[in-house]
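J.: What follows is final_16.csv; its format and atoms are CSV, C-alpha atoms.
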```
chain,number,residue,atom,x,y,z
L,364,MET,CA,86.8,-112.7,67.6
L,365,THR,CA,90.3,-112.4,66.3
L,366,PHE,CA,90.8,-110.6,63.1
L,367,SER,CA,92.8,-112.7,60.6
L,368,ALA,CA,94.0,-111.9,57.1
L,369,CYS,CA,92.7,-113.7,54.0
L,370,THR,CA,95.2,-115.7,52.1
L,371,ASP,CA,94.9,-113.9,48.8
L,372,ALA,CA,97.3,-110.9,48.4
L,373,GLN,CA,95.3,-107.8,47.9
L,374,THR,CA,95.7,-104.1,48.5
L,375,PRO,CA,94.2,-103.0,50.8
L,376,LYS,CA,94.5,-106.1,52.9
L,377,ARG,CA,91.3,-108.0,53.7
L,378,TYR,CA,90.4,-109.6,57.0
L,379,THR,CA,87.8,-111.8,58.4
L,380,TYR,CA,86.8,-112.3,62.0
L,381,LYS,CA,86.6,-115.0,64.8
L,382,VAL,CA,84.3,-114.3,67.7
L,383,ASP,CA,85.9,-114.8,71.2
L,384,LYS,CA,83.0,-113.5,73.3
L,385,VAL,CA,79.3,-112.8,72.8
L,386,LEU,CA,77.6,-110.3,75.0
L,387,PRO,CA,74.0,-109.1,75.3
L,388,HIS,CA,73.0,-105.8,73.6
L,389,ASP,CA,69.7,-103.9,73.9
L,390,VAL,CA,67.6,-105.0,71.0
L,391,LEU,CA,65.7,-101.7,71.2
L,392,SER,CA,68.8,-99.6,70.6
L,393,TYR,CA,69.1,-98.2,67.0
L,394,THR,CA,72.9,-98.0,67.5
L,395,GLN,CA,74.5,-94.8,66.2
L,396,GLY,CA,77.6,-94.4,68.4
L,397,LEU,CA,79.5,-96.8,70.6
L,398,PHE,CA,82.6,-96.0,72.6
L,399,PHE,CA,84.5,-96.5,75.9
L,400,TYR,CA,85.6,-93.7,78.1
L,401,ASN,CA,87.5,-94.2,81.3
L,402,GLY,CA,86.7,-97.9,81.1
L,403,GLU,CA,82.9,-97.4,80.8
L,404,LEU,CA,80.8,-98.2,77.8
L,405,TYR,CA,78.5,-95.6,76.2
L,406,GLU,CA,76.1,-95.7,73.4
L,407,SER,CA,73.9,-93.2,71.4
L,408,ALA,CA,70.7,-94.5,69.8
L,409,GLY,CA,68.7,-92.9,67.0
L,410,GLN,CA,65.3,-92.7,65.4
L,411,TYR,CA,62.8,-89.8,65.8
L,412,GLY,CA,60.9,-90.3,69.0
L,413,GLU,CA,63.3,-93.0,70.3
L,414,SER,CA,66.7,-91.1,70.4
L,415,SER,CA,68.8,-91.4,73.6
L,416,PHE,CA,72.2,-91.5,75.0
L,417,ARG,CA,73.2,-94.3,77.5
L,418,LYS,CA,75.8,-95.6,79.9
L,419,VAL,CA,75.7,-99.4,79.5
L,420,ASP,CA,76.9,-102.2,81.7
L,421,LEU,CA,79.2,-104.2,79.4
L,422,ASN,CA,78.5,-107.7,80.7
L,423,SER,CA,74.7,-107.5,81.1
L,424,GLY,CA,73.8,-105.0,78.4
L,425,MET,CA,71.7,-103.2,81.0
L,426,VAL,CA,71.3,-99.4,80.7
L,427,LEU,CA,72.8,-97.8,83.8
L,428,LYS,CA,72.0,-94.2,82.9
L,429,ARG,CA,70.0,-92.7,80.1
L,430,GLU,CA,69.1,-89.3,78.6
L,431,ASN,CA,66.2,-89.1,76.2
L,432,PHE,CA,66.0,-86.5,73.5
L,433,ALA,CA,63.0,-84.5,72.1
L,434,SER,CA,61.3,-86.2,69.2
L,435,LYS,CA,62.4,-83.5,66.8
L,436,TYR,CA,66.0,-84.8,67.1
L,437,PHE,CA,67.5,-87.9,65.4
L,438,ILE,CA,70.6,-88.7,67.5
L,439,GLU,CA,73.7,-90.0,65.6
L,440,GLY,CA,77.3,-90.6,66.5
L,441,SER,CA,78.9,-89.7,69.8
L,442,CYS,CA,82.3,-89.5,71.5
L,443,ALA,CA,83.9,-88.1,74.6
L,444,LEU,CA,87.0,-86.0,75.0
L,445,ASP,CA,88.4,-84.3,78.2
L,446,GLY,CA,85.3,-85.0,80.2
L,447,ARG,CA,83.0,-83.6,77.6
L,448,LEU,CA,80.4,-85.6,75.6
L,449,TYR,CA,79.7,-84.7,72.0
L,450,ILE,CA,76.5,-86.0,70.4
L,451,LEU,CA,75.6,-85.4,66.7
L,452,THR,CA,72.2,-85.2,65.2
L,453,TRP,CA,71.3,-86.4,61.7
L,454,LYS,CA,69.6,-83.4,60.0
L,455,GLU,CA,69.2,-80.9,62.8
L,456,ASN,CA,72.7,-79.3,62.4
L,457,THR,CA,73.2,-79.6,66.1
L,458,CYS,CA,76.0,-81.2,68.2
L,459,PHE,CA,75.0,-81.4,71.9
L,460,VAL,CA,77.9,-80.9,74.4
L,461,CYS,CA,77.3,-82.5,77.8
L,462,ASP,CA,79.2,-83.5,80.9
L,463,ILE,CA,80.1,-87.2,80.4
L,464,ASN,CA,79.5,-88.0,84.1
L,465,THR,CA,76.2,-86.3,84.6
L,466,PHE,CA,74.9,-86.0,81.0
L,467,LYS,CA,74.1,-82.4,81.9
L,468,GLN,CA,74.0,-80.3,78.7
L,469,LEU,CA,76.8,-77.7,78.6
L,470,GLY,CA,76.2,-76.2,75.2
L,471,ILE,CA,75.3,-76.7,71.6
L,472,LEU,CA,77.6,-76.5,68.5
L,473,ARG,CA,76.3,-76.0,65.0
L,474,TYR,CA,77.4,-77.4,61.7
L,475,GLN,CA,76.1,-77.6,58.1
L,476,GLY,CA,75.0,-80.8,56.4
L,477,GLU,CA,74.2,-84.2,58.0
L,478,GLY,CA,75.8,-85.7,61.1
L,479,TRP,CA,76.6,-89.5,61.0
L,480,GLY,CA,79.6,-90.8,62.9
L,481,LEU,CA,81.9,-89.2,65.5
L,482,THR,CA,85.2,-90.1,67.1
L,483,THR,CA,88.3,-88.4,68.4
L,484,ASP,CA,92.0,-88.9,68.1
L,485,GLY,CA,92.6,-87.2,71.5
L,486,LYS,CA,92.9,-83.7,70.0
L,487,SER,CA,90.3,-83.3,67.2
L,488,LEU,CA,86.8,-84.5,66.7
L,489,ILE,CA,86.5,-86.6,63.6
L,490,MET,CA,83.1,-86.6,61.9
L,491,SER,CA,81.4,-88.4,59.0
L,492,ASP,CA,78.3,-87.3,57.1
L,493,GLY,CA,77.5,-90.3,54.9
L,494,SER,CA,79.8,-89.3,52.1
L,495,SER,CA,83.3,-90.4,51.4
L,496,LYS,CA,84.7,-87.5,53.4
L,497,LEU,CA,85.9,-87.3,57.0
L,498,TYR,CA,86.0,-83.9,58.8
L,499,PHE,CA,88.4,-82.9,61.6
L,500,ARG,CA,86.9,-80.3,63.9
L,501,LYS,CA,88.0,-78.3,66.9
L,502,PRO,CA,86.3,-79.5,70.1
L,503,ASP,CA,85.6,-76.0,71.5
L,504,ASN,CA,83.7,-74.6,68.6
L,505,PHE,CA,83.4,-77.3,65.9
L,506,GLN,CA,85.4,-75.2,63.5
L,507,LEU,CA,86.6,-77.3,60.5
L,508,ILE,CA,90.4,-77.9,60.7
L,509,ARG,CA,90.7,-80.1,57.6
L,510,GLU,CA,89.0,-82.8,55.7
L,511,ILE,CA,90.1,-86.0,53.9
L,512,ASP,CA,88.7,-88.1,51.1
L,513,VAL,CA,88.5,-91.8,51.9
L,514,THR,CA,89.5,-93.9,49.0
L,515,VAL,CA,90.4,-97.4,47.9
L,516,GLY,CA,92.8,-96.9,45.0
L,517,ASN,CA,91.2,-94.0,43.1
L,518,SER,CA,87.7,-94.8,44.1
L,519,PRO,CA,85.8,-93.0,46.9
L,520,VAL,CA,84.4,-95.1,49.8
L,521,ARG,CA,80.9,-93.6,50.3
L,522,TYR,CA,78.4,-94.1,53.2
L,523,LEU,CA,81.0,-93.8,55.9
L,524,ASN,CA,79.1,-94.1,59.2
L,525,GLU,CA,80.0,-94.9,62.8
L,526,LEU,CA,83.6,-94.2,63.6
L,527,GLU,CA,86.3,-95.3,66.1
L,528,TYR,CA,89.9,-94.2,66.4
L,529,ILE,CA,92.1,-97.3,67.1
L,530,LYS,CA,95.9,-97.2,67.4
L,531,GLY,CA,96.4,-94.5,64.9
L,532,GLU,CA,93.7,-95.6,62.4
L,533,ILE,CA,90.1,-94.5,61.9
L,534,TRP,CA,87.8,-97.5,61.7
L,535,ALA,CA,84.5,-96.9,59.9
L,536,ASN,CA,81.3,-98.8,59.3
L,537,VAL,CA,80.3,-98.6,55.6
L,538,TYR,CA,76.5,-98.1,55.9
L,539,GLY,CA,74.4,-100.8,54.4
L,540,SER,CA,77.2,-103.2,54.2
L,541,ASP,CA,79.0,-105.8,56.4
L,542,THR,CA,82.3,-104.0,55.8
L,543,ILE,CA,84.5,-102.1,58.2
L,544,VAL,CA,87.3,-100.0,56.6
L,545,ARG,CA,90.5,-99.0,58.4
L,546,ILE,CA,91.7,-95.6,57.3
L,547,ASP,CA,95.0,-93.7,57.4
L,548,PRO,CA,93.9,-90.4,59.0
L,549,ALA,CA,96.7,-88.5,57.2
L,550,THR,CA,95.9,-89.5,53.7
L,551,GLY,CA,92.4,-91.0,53.7
L,552,LYS,CA,93.6,-94.2,52.1
L,553,VAL,CA,92.0,-97.4,53.2
L,554,LYS,CA,94.7,-99.6,54.7
L,555,SER,CA,92.6,-102.7,55.2
L,556,MET,CA,89.0,-103.9,55.2
L,557,ILE,CA,87.2,-106.3,57.5
L,558,ASP,CA,84.4,-108.5,56.2
L,559,CYS,CA,81.9,-109.0,59.0
L,560,SER,CA,79.4,-111.0,57.0
L,561,ASN,CA,77.2,-113.3,59.1
L,562,LEU,CA,78.6,-111.8,62.3
L,563,LEU,CA,75.0,-111.8,63.6
L,564,PRO,CA,73.7,-115.4,63.1
L,565,GLY,CA,70.7,-115.8,60.9
L,566,TYR,CA,68.5,-117.3,63.6
L,567,LEU,CA,68.9,-114.0,65.6
L,568,ILE,CA,67.8,-111.8,62.6
L,569,LYS,CA,64.2,-110.6,63.1
L,570,ARG,CA,61.9,-108.3,61.1
L,571,ASP,CA,63.3,-105.2,62.7
L,572,THR,CA,67.0,-106.2,62.7
L,573,ASP,CA,69.0,-103.5,60.9
L,574,VAL,CA,72.6,-103.1,59.7
L,575,LEU,CA,76.0,-103.6,61.3
L,576,ASN,CA,76.8,-100.3,63.0
L,577,GLY,CA,78.9,-99.8,66.2
L,578,ILE,CA,82.6,-100.1,66.9
L,579,ALA,CA,84.0,-99.6,70.4
L,580,TYR,CA,87.6,-100.0,71.4
L,581,ASP,CA,88.5,-100.8,75.0
L,582,ALA,CA,92.1,-99.6,75.2
L,583,LYS,CA,92.6,-100.9,78.7
L,584,ASN,CA,92.0,-104.5,77.7
L,585,ASP,CA,92.8,-104.2,74.0
L,586,HIS,CA,89.4,-105.4,73.0
L,587,ILE,CA,87.2,-104.3,70.1
L,588,TYR,CA,83.4,-104.6,70.3
L,589,LEU,CA,81.0,-104.7,67.3
L,590,THR,CA,77.2,-104.5,67.2
L,591,GLY,CA,74.4,-103.2,65.0
L,592,LYS,CA,71.1,-101.4,64.9
L,593,TYR,CA,68.5,-103.3,66.9
L,594,TRP,CA,70.9,-106.2,67.4
L,595,PRO,CA,70.4,-108.5,70.4
L,596,LYS,CA,74.1,-109.2,70.7
L,597,MET,CA,77.5,-107.5,70.8
L,598,TYR,CA,80.7,-109.3,69.7
L,599,ARG,CA,84.2,-109.0,71.2
L,600,ASN,CA,87.6,-109.2,69.5
L,601,SER,CA,91.0,-109.3,71.2
L,602,LEU,CA,93.6,-107.5,69.1
```
Please express the file's structure as structure tokens.

T.:
Amino acid sequence: MTFSACTDAQTPKRYTYKVDKVLPHDVLSYTQGLFFYNGELYESAGQYGESSFRKVDLNSGMVLKRENFASKYFIEGSCALDGRLYILTWKENTCFVCDINTFKQLGILRYQGEGWGLTTDGKSLIMSDGSSKLYFRKPDNFQLIREIDVTVGNSPVRYLNELEYIKGEIWANVYGSDTIVRIDPATGKVKSMIDCSNLLPGYLIKRDTDVLNGIAYDAKNDHIYLTGKYWPKMYRNSL
């Protein structure tokens, strides 16, 4: 899909999509985090008793490597920085730190409140908690550096979920909607919005199909991939 602007002049700008490639996605994955690292695709999946972290073959959707988590953990967003993998939990106040190559656990970082989405700008970890705030944290100890309020005009944008840092912007799924917001990381202002309505065709929506959630940027090829919770497909955009 190629993102294209709507014709009506609005602030922030509004975009729609055009799919350029459809790929398979594990329909059993309750997608919480999706990202590329060193050209490889990784995904964290949630639900108590089902939570896992995977390395995924992009073209086939097959899971190449998988780490399951104890049923007491509900896995959320994830990202990698400097060879280390960071995986949030929803209500367990725990961020797992692992080796991105082996998935071996290296440590645990603690935080207050809920964990939702996670990404990195190459220096800090950027976290959402389902509110309208984003939190910038130190990778070594998860200490809070700063936080921003995400707004459209003077109105807060709540339910910020899965995150991806793309070319100087933070892209965020708005939970429960078909909208992705593109955020200025300095101010929290939403610069533009993408309407992803009907991205997953109606004939592919089943009883268990859940919401849009999952943004991964392949910097090497300048592609963006979108999917959702228990979706059978993933959709590619060329920027």

J.: Compute the distance from (86.1, -77.3, 65.8) to each atom, counting all atoms listed in the file, keep the residues with any atom at most 10 Å away, and return them as a PyMOL selection string; use the coordinates of the file.

T.: chain L and resi 472-474+487-489+498-509

J.: May I ask for the distance between CA of His586 (chain L) and CA of Asn600 (chain L), given in Å to one decimal place?

T.: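 A separation of 5.5 Å between them.
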
J.: For the atom pair CA of Asp547 (chain L) and CA of Met597 (chain L), what is the interatomic distance in Å to one decimal place?

T.: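 It comes out at 26.0 Å.
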
J.: For Glu477 (chain L), which residue out of L:Ile511, L:Leu523, L:Val385, L:Leu448 is the nearest one, using all atoms listed in the file?

T.: L:Leu523

J.: Taking only C-alpha atoms into account, name the residue in L:Ser518, L:Ser415, L:Asn422, L:Ser392 that is nearest to Arg599 (chain L).

T.: L:Asn422

J.: Starting from the structure just given, write a file holding region 397-426 of chain L with N, CA and C atoms, as an mmCIF file, in the first residue's frame.

T.:
```
data_model
loop_
_atom_site.group_PDB
_atom_site.id
_atom_site.type_symbol
_atom_site.label_atom_id
_atom_site.label_comp_id
_atom_site.auth_asym_id
_atom_site.auth_seq_id
_atom_site.Cartn_x
_atom_site.Cartn_y
_atom_site.Cartn_z
ATOM 1 N N LEU L 397 5.647 -5.492 16.932
ATOM 2 C CA LEU L 397 6.094 -5.929 15.611
ATOM 3 C C LEU L 397 7.224 -5.010 15.182
ATOM 4 N N PHE L 398 8.393 -5.583 14.837
ATOM 5 C CA PHE L 398 9.512 -4.725 14.439
ATOM 6 C C PHE L 398 10.552 -5.514 13.662
ATOM 7 N N PHE L 399 11.375 -4.770 12.923
ATOM 8 C CA PHE L 399 12.533 -5.337 12.248
ATOM 9 C C PHE L 399 13.787 -4.971 13.036
ATOM 10 N N TYR L 400 14.731 -5.907 13.048
ATOM 11 C CA TYR L 400 16.041 -5.633 13.625
ATOM 12 C C TYR L 400 17.076 -6.383 12.794
ATOM 13 N N ASN L 401 18.042 -5.645 12.267
ATOM 14 C CA ASN L 401 19.059 -6.224 11.370
ATOM 15 C C ASN L 401 18.411 -7.015 10.234
ATOM 16 N N GLY L 402 17.333 -6.463 9.696
ATOM 17 C CA GLY L 402 16.681 -7.063 8.538
ATOM 18 C C GLY L 402 15.765 -8.231 8.837
ATOM 19 N N GLU L 403 15.626 -8.608 10.109
ATOM 20 C CA GLU L 403 14.779 -9.733 10.492
ATOM 21 C C GLU L 403 13.516 -9.227 11.187
ATOM 22 N N LEU L 404 12.424 -9.958 10.993
ATOM 23 C CA LEU L 404 11.139 -9.576 11.562
ATOM 24 C C LEU L 404 10.897 -10.303 12.880
ATOM 25 N N TYR L 405 10.470 -9.544 13.887
ATOM 26 C CA TYR L 405 10.177 -10.092 15.212
ATOM 27 C C TYR L 405 8.780 -9.661 15.650
ATOM 28 N N GLU L 406 8.183 -10.467 16.514
ATOM 29 C CA GLU L 406 6.813 -10.194 16.950
ATOM 30 C C GLU L 406 6.595 -10.691 18.375
ATOM 31 N N SER L 407 5.948 -9.876 19.189
ATOM 32 C CA SER L 407 5.509 -10.327 20.508
ATOM 33 C C SER L 407 3.997 -10.501 20.475
ATOM 34 N N ALA L 408 3.533 -11.563 21.145
ATOM 35 C CA ALA L 408 2.116 -11.913 21.140
ATOM 36 C C ALA L 408 1.621 -12.052 22.576
ATOM 37 N N GLY L 409 0.390 -11.583 22.817
ATOM 38 C CA GLY L 409 -0.139 -11.546 24.167
ATOM 39 C C GLY L 409 -1.174 -12.608 24.481
ATOM 40 N N GLN L 410 -1.895 -12.354 25.555
ATOM 41 C CA GLN L 410 -2.911 -13.190 26.192
ATOM 42 C C GLN L 410 -2.258 -14.076 27.267
ATOM 43 N N TYR L 411 -2.936 -14.157 28.413
ATOM 44 C CA TYR L 411 -2.468 -15.050 29.475
ATOM 45 C C TYR L 411 -2.558 -16.490 28.998
ATOM 46 N N GLY L 412 -1.470 -17.207 29.151
ATOM 47 C CA GLY L 412 -1.412 -18.587 28.732
ATOM 48 C C GLY L 412 -1.042 -18.776 27.270
ATOM 49 N N GLU L 413 -0.931 -17.692 26.518
ATOM 50 C CA GLU L 413 -0.580 -17.770 25.096
ATOM 51 C C GLU L 413 0.611 -16.889 24.743
ATOM 52 N N SER L 414 1.126 -16.129 25.681
ATOM 53 C CA SER L 414 2.128 -15.101 25.380
ATOM 54 C C SER L 414 3.449 -15.697 24.907
ATOM 55 N N SER L 415 4.027 -15.053 23.883
ATOM 56 C CA SER L 415 5.284 -15.534 23.316
ATOM 57 C C SER L 415 6.007 -14.398 22.617
ATOM 58 N N PHE L 416 7.272 -14.655 22.316
ATOM 59 C CA PHE L 416 8.045 -13.776 21.449
ATOM 60 C C PHE L 416 8.598 -14.630 20.328
ATOM 61 N N ARG L 417 8.556 -14.102 19.076
ATOM 62 C CA ARG L 417 8.925 -14.899 17.913
ATOM 63 C C ARG L 417 9.849 -14.151 16.955
ATOM 64 N N LYS L 418 10.678 -14.922 16.279
ATOM 65 C CA LYS L 418 11.345 -14.468 15.064
ATOM 66 C C LYS L 418 10.559 -15.082 13.920
ATOM 67 N N VAL L 419 10.173 -14.263 12.933
ATOM 68 C CA VAL L 419 9.206 -14.679 11.915
ATOM 69 C C VAL L 419 9.801 -14.553 10.517
ATOM 70 N N ASP L 420 9.551 -15.553 9.689
ATOM 71 C CA ASP L 420 9.915 -15.457 8.281
ATOM 72 C C ASP L 420 8.922 -14.532 7.583
ATOM 73 N N LEU L 421 9.426 -13.453 7.004
ATOM 74 C CA LEU L 421 8.562 -12.423 6.439
ATOM 75 C C LEU L 421 7.663 -12.961 5.338
ATOM 76 N N ASN L 422 8.198 -13.720 4.422
ATOM 77 C CA ASN L 422 7.444 -14.116 3.237
ATOM 78 C C ASN L 422 6.440 -15.236 3.487
ATOM 79 N N SER L 423 6.753 -16.141 4.415
ATOM 80 C CA SER L 423 5.851 -17.261 4.671
ATOM 81 C C SER L 423 4.992 -17.075 5.914
ATOM 82 N N GLY L 424 5.420 -16.181 6.804
ATOM 83 C CA GLY L 424 4.721 -16.008 8.074
ATOM 84 C C GLY L 424 5.058 -17.080 9.091
ATOM 85 N N MET L 425 5.944 -18.013 8.742
ATOM 86 C CA MET L 425 6.303 -19.103 9.649
ATOM 87 C C MET L 425 7.166 -18.599 10.801
ATOM 88 N N VAL L 426 6.934 -19.176 11.976
ATOM 89 C CA VAL L 426 7.719 -18.833 13.155
ATOM 90 C C VAL L 426 9.043 -19.601 13.110
#
```
